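Asks: Have a look at the structure that comes next, please.
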Amino acid sequence: MQNLTTQGFVLLDVDVAALNNAGKSQSSNLENAVATKKIRKNGRYHTYVSGQAWRYWWRNTLQKQAEWSLSPITRDDKVAFTAANPIKFDDDDIFGYMKATKDVKLDEKGQPVKDKKGNEVKEDATVTRVSPLKNSALISVASVQVEGDKNFSVMSRHQGDPVPYSKEEYSAVMKGMFSLDLEMVGTFASYNKTGFKNLSQKLREEALASGATEIADPHLPTAAGEAHKLVRLEKRIREKRATDTIAALKFINGGAMQTNNMADVTPKFIVLATMASGNHPFSHVATSFGQFEQEFRLNVEGLEEVLNDYGAQFRGKIFIGIRSGFLSDEDVEKLESLAIRFGDESIFLGPVNAAIDEYIEQLKTQIP
């Protein structure tokens, strides 16, 4: 196993947006005042979209654009869980799950085992899967004065006094990171170890009967020193799930307040690379500057440093996509100079969607 991982970095550019809200505003006297999510760093506010919200947009986009059949959700008191069936449902595979349950224990003939009182014996059938797709929150690169940007509105289409309300809005360049573990996509453990048991015995047998194969797990030997077995789906299924996940970035949409504050949340800048490690090196490609750190700039020098420092870890080209008009002419010229220095065999530089499409073609050759 090569431990290959897709590492991605994106920049979004939104104006007058309120993508992820945080409930009632504590800084307003209005009862109907909504605050946006924000966090303090170096004494300044940065607005953000939670990682969970970004995943929600991503999953819904895959359902609509790639026609994924999403895993049904079951609500049990205060617990909710999906079907935990990554063989049938693409999103259970890519986004992970946890399902704590008990199944009837079966004997060697497949018949229910019963106790002395004639009751069916149940055994623990809890399954978990760490998501192969991991992502950060989307956070504004530069600080944002959200507290001062309140939209005061009224509902006045009824008889009587108007009802006032307000919401916090912002314009920001937002950055996010994600990784997709290519070894994990469509590959599942079934041995009974906490955090490793992805499949029940029943699902394991169903997978093997439908064309899946078993491969050795080199990372976790048995007590006897032998390799545990992993269940791996056919390559065409794994390839589709991985490429669909990346392609969805071209169409991703979502966010709160879209009725009056519609924002385009597709990437305006993207870096995609396959690496032979889980380390994500692109976190500081975008930085802020100015007296109040309220201005955004692309850190091309930092990107070049990453390409040099981690050169041995990259597999194939690094793909960089830019939406026309997003970056300054100076930043574009720096990127073009960077691409020339490293050469066409190392860097692809072009429009965002072209970079995604070209990376997907490379990815097809890297799926194990």
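In the structure tokens, chains take letters A, B, ... by order of appearance, with residues numbered from 1 within each chain and ligands from 1 in the order shown.
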If we count only C-alpha atoms, what is near Pro86 in chain A at a cut-off of 9 Å, once residues fewer than 4 positions away on the same chain are taken out, given as a ChimeraX atom specification?

Replies: /A:71,90-94,96,186,188,198-199

Asks: Restrict the selected residues to all heavy atoms and save them as a compact mmCIF listing (two decimals), in the first residue's frame.

Replies:
# COMPACT_ATOMS: atom_id res chain seq x y z
N SER A 71 -27.03 7.55 2.14
CA SER A 71 -27.40 6.58 3.16
C SER A 71 -28.54 7.11 4.02
O SER A 71 -28.49 8.26 4.50
CB SER A 71 -26.19 6.28 4.04
OG SER A 71 -26.48 5.31 5.01
N ASP A 90 -22.49 5.35 -1.31
CA ASP A 90 -21.21 6.02 -1.55
C ASP A 90 -20.81 6.93 -0.40
O ASP A 90 -19.63 7.01 -0.02
CB ASP A 90 -21.29 6.86 -2.83
CG ASP A 90 -21.73 6.04 -4.03
OD1 ASP A 90 -21.00 5.10 -4.39
OD2 ASP A 90 -22.80 6.33 -4.60
N ASP A 91 -21.78 7.66 0.17
CA ASP A 91 -21.42 8.64 1.20
C ASP A 91 -21.00 7.98 2.50
O ASP A 91 -20.20 8.55 3.25
CB ASP A 91 -22.55 9.65 1.43
CG ASP A 91 -23.82 9.01 1.96
OD1 ASP A 91 -24.18 7.91 1.48
OD2 ASP A 91 -24.47 9.60 2.85
N ASP A 92 -21.52 6.79 2.80
CA ASP A 92 -21.03 6.08 3.99
C ASP A 92 -19.54 5.75 3.84
O ASP A 92 -18.78 5.78 4.80
CB ASP A 92 -21.83 4.79 4.21
CG ASP A 92 -23.07 5.00 5.07
OD1 ASP A 92 -23.15 6.05 5.74
OD2 ASP A 92 -23.94 4.12 5.08
N ASP A 93 -19.14 5.44 2.61
CA ASP A 93 -17.73 5.15 2.34
C ASP A 93 -16.87 6.40 2.51
O ASP A 93 -15.89 6.40 3.27
CB ASP A 93 -17.60 4.60 0.92
CG ASP A 93 -16.16 4.25 0.53
OD1 ASP A 93 -15.27 4.33 1.38
OD2 ASP A 93 -15.94 3.91 -0.64
N ILE A 94 -17.24 7.47 1.86
CA ILE A 94 -16.39 8.67 1.80
C ILE A 94 -16.47 9.51 3.07
O ILE A 94 -15.46 10.05 3.54
CB ILE A 94 -16.76 9.53 0.58
CG1 ILE A 94 -16.53 8.76 -0.72
CG2 ILE A 94 -15.97 10.85 0.57
CD1 ILE A 94 -15.09 8.35 -0.95
N GLY A 96 -17.73 8.52 6.19
CA GLY A 96 -17.57 7.81 7.45
C GLY A 96 -18.87 7.67 8.23
O GLY A 96 -19.90 8.25 7.87
N GLY A 186 -13.23 2.85 -0.54
CA GLY A 186 -13.68 1.53 -0.97
C GLY A 186 -12.92 0.38 -0.36
O GLY A 186 -12.98 -0.74 -0.85
N PHE A 188 -12.13 -1.64 3.40
CA PHE A 188 -12.74 -1.72 4.73
C PHE A 188 -12.14 -2.85 5.57
O PHE A 188 -11.81 -3.92 5.05
CB PHE A 188 -14.25 -1.96 4.61
CG PHE A 188 -14.89 -1.10 3.56
CD1 PHE A 188 -15.24 -1.63 2.33
CD2 PHE A 188 -15.12 0.25 3.79
CE1 PHE A 188 -15.83 -0.84 1.36
CE2 PHE A 188 -15.70 1.04 2.82
CZ PHE A 188 -16.05 0.50 1.60
N ASN A 198 -15.09 -1.70 10.26
CA ASN A 198 -15.95 -0.94 9.35
C ASN A 198 -17.17 -1.73 8.91
O ASN A 198 -18.21 -1.15 8.59
CB ASN A 198 -15.18 -0.54 8.09
CG ASN A 198 -13.89 0.19 8.37
OD1 ASN A 198 -12.92 0.05 7.64
ND2 ASN A 198 -13.85 0.98 9.44
N LEU A 199 -17.04 -3.05 8.86
CA LEU A 199 -18.10 -3.90 8.32
C LEU A 199 -18.51 -4.96 9.32
O LEU A 199 -17.67 -5.54 10.02
CB LEU A 199 -17.63 -4.61 7.04
CG LEU A 199 -17.18 -3.77 5.85
CD1 LEU A 199 -16.72 -4.69 4.72
CD2 LEU A 199 -18.29 -2.86 5.37

Asks: Please provide the set of residues having any atom within 7 Å of Asn299 in chain A, restricted to only C-alpha atoms, with same-chain residues fewer than 5 positions apart removed, written as a PyMOL selection string.

Replies: chain A and resi 285-287

Asks: Next, dump the selected residues to file, keeping only all heavy atoms, as a compact mmCIF listing (two decimals), in the first residue's frame.

Replies:
# COMPACT_ATOMS: atom_id res chain seq x y z
N VAL A 285 -0.63 29.18 2.34
CA VAL A 285 -0.50 29.72 0.99
C VAL A 285 -1.18 31.08 0.88
O VAL A 285 -0.81 31.91 0.06
CB VAL A 285 -1.07 28.72 -0.04
CG1 VAL A 285 -1.19 29.33 -1.41
CG2 VAL A 285 -0.19 27.48 -0.10
N ALA A 286 -2.19 31.32 1.72
CA ALA A 286 -2.87 32.62 1.75
C ALA A 286 -2.66 33.26 3.11
O ALA A 286 -2.79 32.60 4.14
CB ALA A 286 -4.36 32.45 1.46
N THR A 287 -2.33 34.55 3.13
CA THR A 287 -2.08 35.25 4.38
C THR A 287 -2.74 36.63 4.35
O THR A 287 -3.23 37.08 3.32
CB THR A 287 -0.56 35.42 4.63
OG1 THR A 287 0.01 36.15 3.52
CG2 THR A 287 0.12 34.07 4.75

Asks: Ranking A:Ile320, A:Ala248, A:Ala189, A:Val144 by minimum distance to Arg44 in chain A and counting only C-alpha atoms, which one comes first?

Replies: A:Val144

Asks: Which residue, A:Met184, A:Ile87, A:Val332, A:Leu363, has the smallest gap to Ala273 in chain A when you use only C-alpha atoms?

Replies: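 Comparing A:Met184, A:Ile87, A:Val332, A:Leu363 against Ala273 in chain A, the winner is A:Leu363.
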
Asks: Residues of range 258-322 of chain A classed as strand (DSSP E) by DSSP on the backbone are to be reported as a list of chain:residue names.

Replies: A:Phe269, A:Ile270, A:Val271, A:Leu272, A:Ala273, A:Thr274, A:Met275, A:Ala286, A:Thr287, A:Ser288, A:Phe289, A:Glu295, A:Phe296, A:Arg297, A:Leu298, A:Phe314, A:Arg315, A:Gly316, A:Lys317, A:Ile318, A:Phe319, A:Ile320, A:Gly321, A:Ile322

Asks: Please save N, CA and C atoms of the selected residues as a PDB file, in the first residue's frame.

Replies:
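Output contents, as saved in selection.pdb:
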ATOM      1  N   PHE A 269      -9.716  29.821  -6.263  1.00  0.00           N
ATOM      2  CA  PHE A 269      -8.309  29.419  -6.352  1.00  0.00           C
ATOM      3  C   PHE A 269      -8.226  28.036  -5.738  1.00  0.00           C
ATOM      4  N   ILE A 270      -7.463  27.143  -6.374  1.00  0.00           N
ATOM      5  CA  ILE A 270      -7.367  25.781  -5.848  1.00  0.00           C
ATOM      6  C   ILE A 270      -5.979  25.213  -6.110  1.00  0.00           C
ATOM      7  N   VAL A 271      -5.503  24.428  -5.152  1.00  0.00           N
ATOM      8  CA  VAL A 271      -4.279  23.643  -5.316  1.00  0.00           C
ATOM      9  C   VAL A 271      -4.646  22.191  -5.045  1.00  0.00           C
ATOM     10  N   LEU A 272      -4.300  21.300  -5.970  1.00  0.00           N
ATOM     11  CA  LEU A 272      -4.554  19.867  -5.815  1.00  0.00           C
ATOM     12  C   LEU A 272      -3.262  19.108  -6.059  1.00  0.00           C
ATOM     13  N   ALA A 273      -2.969  18.174  -5.172  1.00  0.00           N
ATOM     14  CA  ALA A 273      -1.753  17.375  -5.319  1.00  0.00           C
ATOM     15  C   ALA A 273      -1.967  16.021  -4.674  1.00  0.00           C
ATOM     16  N   THR A 274      -1.285  15.014  -5.198  1.00  0.00           N
ATOM     17  CA  THR A 274      -1.268  13.694  -4.568  1.00  0.00           C
ATOM     18  C   THR A 274       0.054  13.554  -3.837  1.00  0.00           C
ATOM     19  N   MET A 275      -0.032  13.143  -2.570  1.00  0.00           N
ATOM     20  CA  MET A 275       1.170  13.019  -1.752  1.00  0.00           C
ATOM     21  C   MET A 275       1.248  11.633  -1.131  1.00  0.00           C
ATOM     22  N   ALA A 286      -2.188  31.319   1.716  1.00  0.00           N
ATOM     23  CA  ALA A 286      -2.870  32.616   1.745  1.00  0.00           C
ATOM     24  C   ALA A 286      -2.663  33.256   3.111  1.00  0.00           C
ATOM     25  N   THR A 287      -2.332  34.546   3.132  1.00  0.00           N
ATOM     26  CA  THR A 287      -2.079  35.251   4.380  1.00  0.00           C
ATOM     27  C   THR A 287      -2.736  36.627   4.348  1.00  0.00           C
ATOM     28  N   SER A 288      -2.729  37.292   5.492  1.00  0.00           N
ATOM     29  CA  SER A 288      -3.279  38.643   5.592  1.00  0.00           C
ATOM     30  C   SER A 288      -2.155  39.629   5.877  1.00  0.00           C
ATOM     31  N   PHE A 289      -2.410  40.901   5.604  1.00  0.00           N
ATOM     32  CA  PHE A 289      -1.419  41.937   5.884  1.00  0.00           C
ATOM     33  C   PHE A 289      -2.153  43.259   6.129  1.00  0.00           C
ATOM     34  N   GLU A 295      -6.358  42.792   4.901  1.00  0.00           N
ATOM     35  CA  GLU A 295      -6.145  42.646   3.463  1.00  0.00           C
ATOM     36  C   GLU A 295      -5.560  41.274   3.169  1.00  0.00           C
ATOM     37  N   PHE A 296      -6.013  40.695   2.060  1.00  0.00           N
ATOM     38  CA  PHE A 296      -5.614  39.342   1.669  1.00  0.00           C
ATOM     39  C   PHE A 296      -4.487  39.394   0.640  1.00  0.00           C
ATOM     40  N   ARG A 297      -3.588  38.441   0.720  1.00  0.00           N
ATOM     41  CA  ARG A 297      -2.601  38.276  -0.343  1.00  0.00           C
ATOM     42  C   ARG A 297      -2.268  36.799  -0.482  1.00  0.00           C
ATOM     43  N   LEU A 298      -1.873  36.416  -1.684  1.00  0.00           N
ATOM     44  CA  LEU A 298      -1.438  35.050  -1.936  1.00  0.00           C
ATOM     45  C   LEU A 298       0.047  34.954  -1.636  1.00  0.00           C
ATOM     46  N   PHE A 314       5.547  14.420  -3.210  1.00  0.00           N
ATOM     47  CA  PHE A 314       4.539  14.594  -4.254  1.00  0.00           C
ATOM     48  C   PHE A 314       4.616  13.453  -5.259  1.00  0.00           C
ATOM     49  N   ARG A 315       3.451  13.052  -5.730  1.00  0.00           N
ATOM     50  CA  ARG A 315       3.348  12.035  -6.765  1.00  0.00           C
ATOM     51  C   ARG A 315       2.598  12.644  -7.956  1.00  0.00           C
ATOM     52  N   GLY A 316       3.305  12.825  -9.056  1.00  0.00           N
ATOM     53  CA  GLY A 316       2.700  13.466 -10.213  1.00  0.00           C
ATOM     54  C   GLY A 316       2.779  14.977 -10.111  1.00  0.00           C
ATOM     55  N   LYS A 317       1.970  15.659 -10.914  1.00  0.00           N
ATOM     56  CA  LYS A 317       1.982  17.124 -10.957  1.00  0.00           C
ATOM     57  C   LYS A 317       1.234  17.747  -9.780  1.00  0.00           C
ATOM     58  N   ILE A 318       1.524  19.022  -9.549  1.00  0.00           N
ATOM     59  CA  ILE A 318       0.724  19.869  -8.665  1.00  0.00           C
ATOM     60  C   ILE A 318      -0.157  20.718  -9.578  1.00  0.00           C
ATOM     61  N   PHE A 319      -1.455  20.738  -9.283  1.00  0.00           N
ATOM     62  CA  PHE A 319      -2.411  21.430 -10.144  1.00  0.00           C
ATOM     63  C   PHE A 319      -2.911  22.687  -9.440  1.00  0.00           C
ATOM     64  N   ILE A 320      -2.727  23.834 -10.087  1.00  0.00           N
ATOM     65  CA  ILE A 320      -3.118  25.128  -9.526  1.00  0.00           C
ATOM     66  C   ILE A 320      -4.142  25.765 -10.451  1.00  0.00           C
ATOM     67  N   GLY A 321      -5.300  26.104  -9.906  1.00  0.00           N
ATOM     68  CA  GLY A 321      -6.358  26.723 -10.695  1.00  0.00           C
ATOM     69  C   GLY A 321      -6.695  28.107 -10.184  1.00  0.00           C
ATOM     70  N   ILE A 322      -6.904  29.048 -11.093  1.00  0.00           N
ATOM     71  CA  ILE A 322      -7.224  30.442 -10.741  1.00  0.00           C
ATOM     72  C   ILE A 322      -8.447  30.883 -11.532  1.00  0.00           C
TER      73      ILE A 322
END

Asks: Measuring atom to atom with only C-alpha atoms, identify which of A:Val16, A:Ala35, A:Ala84, A:Val265 is nearest to Lys250 in chain A.

Replies: A:Val265

Asks: From the set A:Arg157, A:Lys37, A:Lys197, A:Arg59, which residue has the shortest atom-to-atom contact distance to His228 in chain A, counting only C-alpha atoms?

Replies: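 Between A:Arg157, A:Lys37, A:Lys197, A:Arg59, the residue approaching His228 in chain A most closely is A:Lys197.
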
Asks: Out of A:Ser179, A:Ser337, A:Gln145, A:Asn20, which residue has the shortest atom-to-atom distance to Pro281 in chain A when counting only C-alpha atoms?

Replies: A:Ser179

Asks: For Tyr359 in chain A, which of A:Thr6, A:Asn253, A:Ser190, A:Ala209 is the closest residue, counting only C-alpha atoms?

Replies: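 Looking at the shortest contact to Tyr359 in chain A, the residue is A:Thr6.
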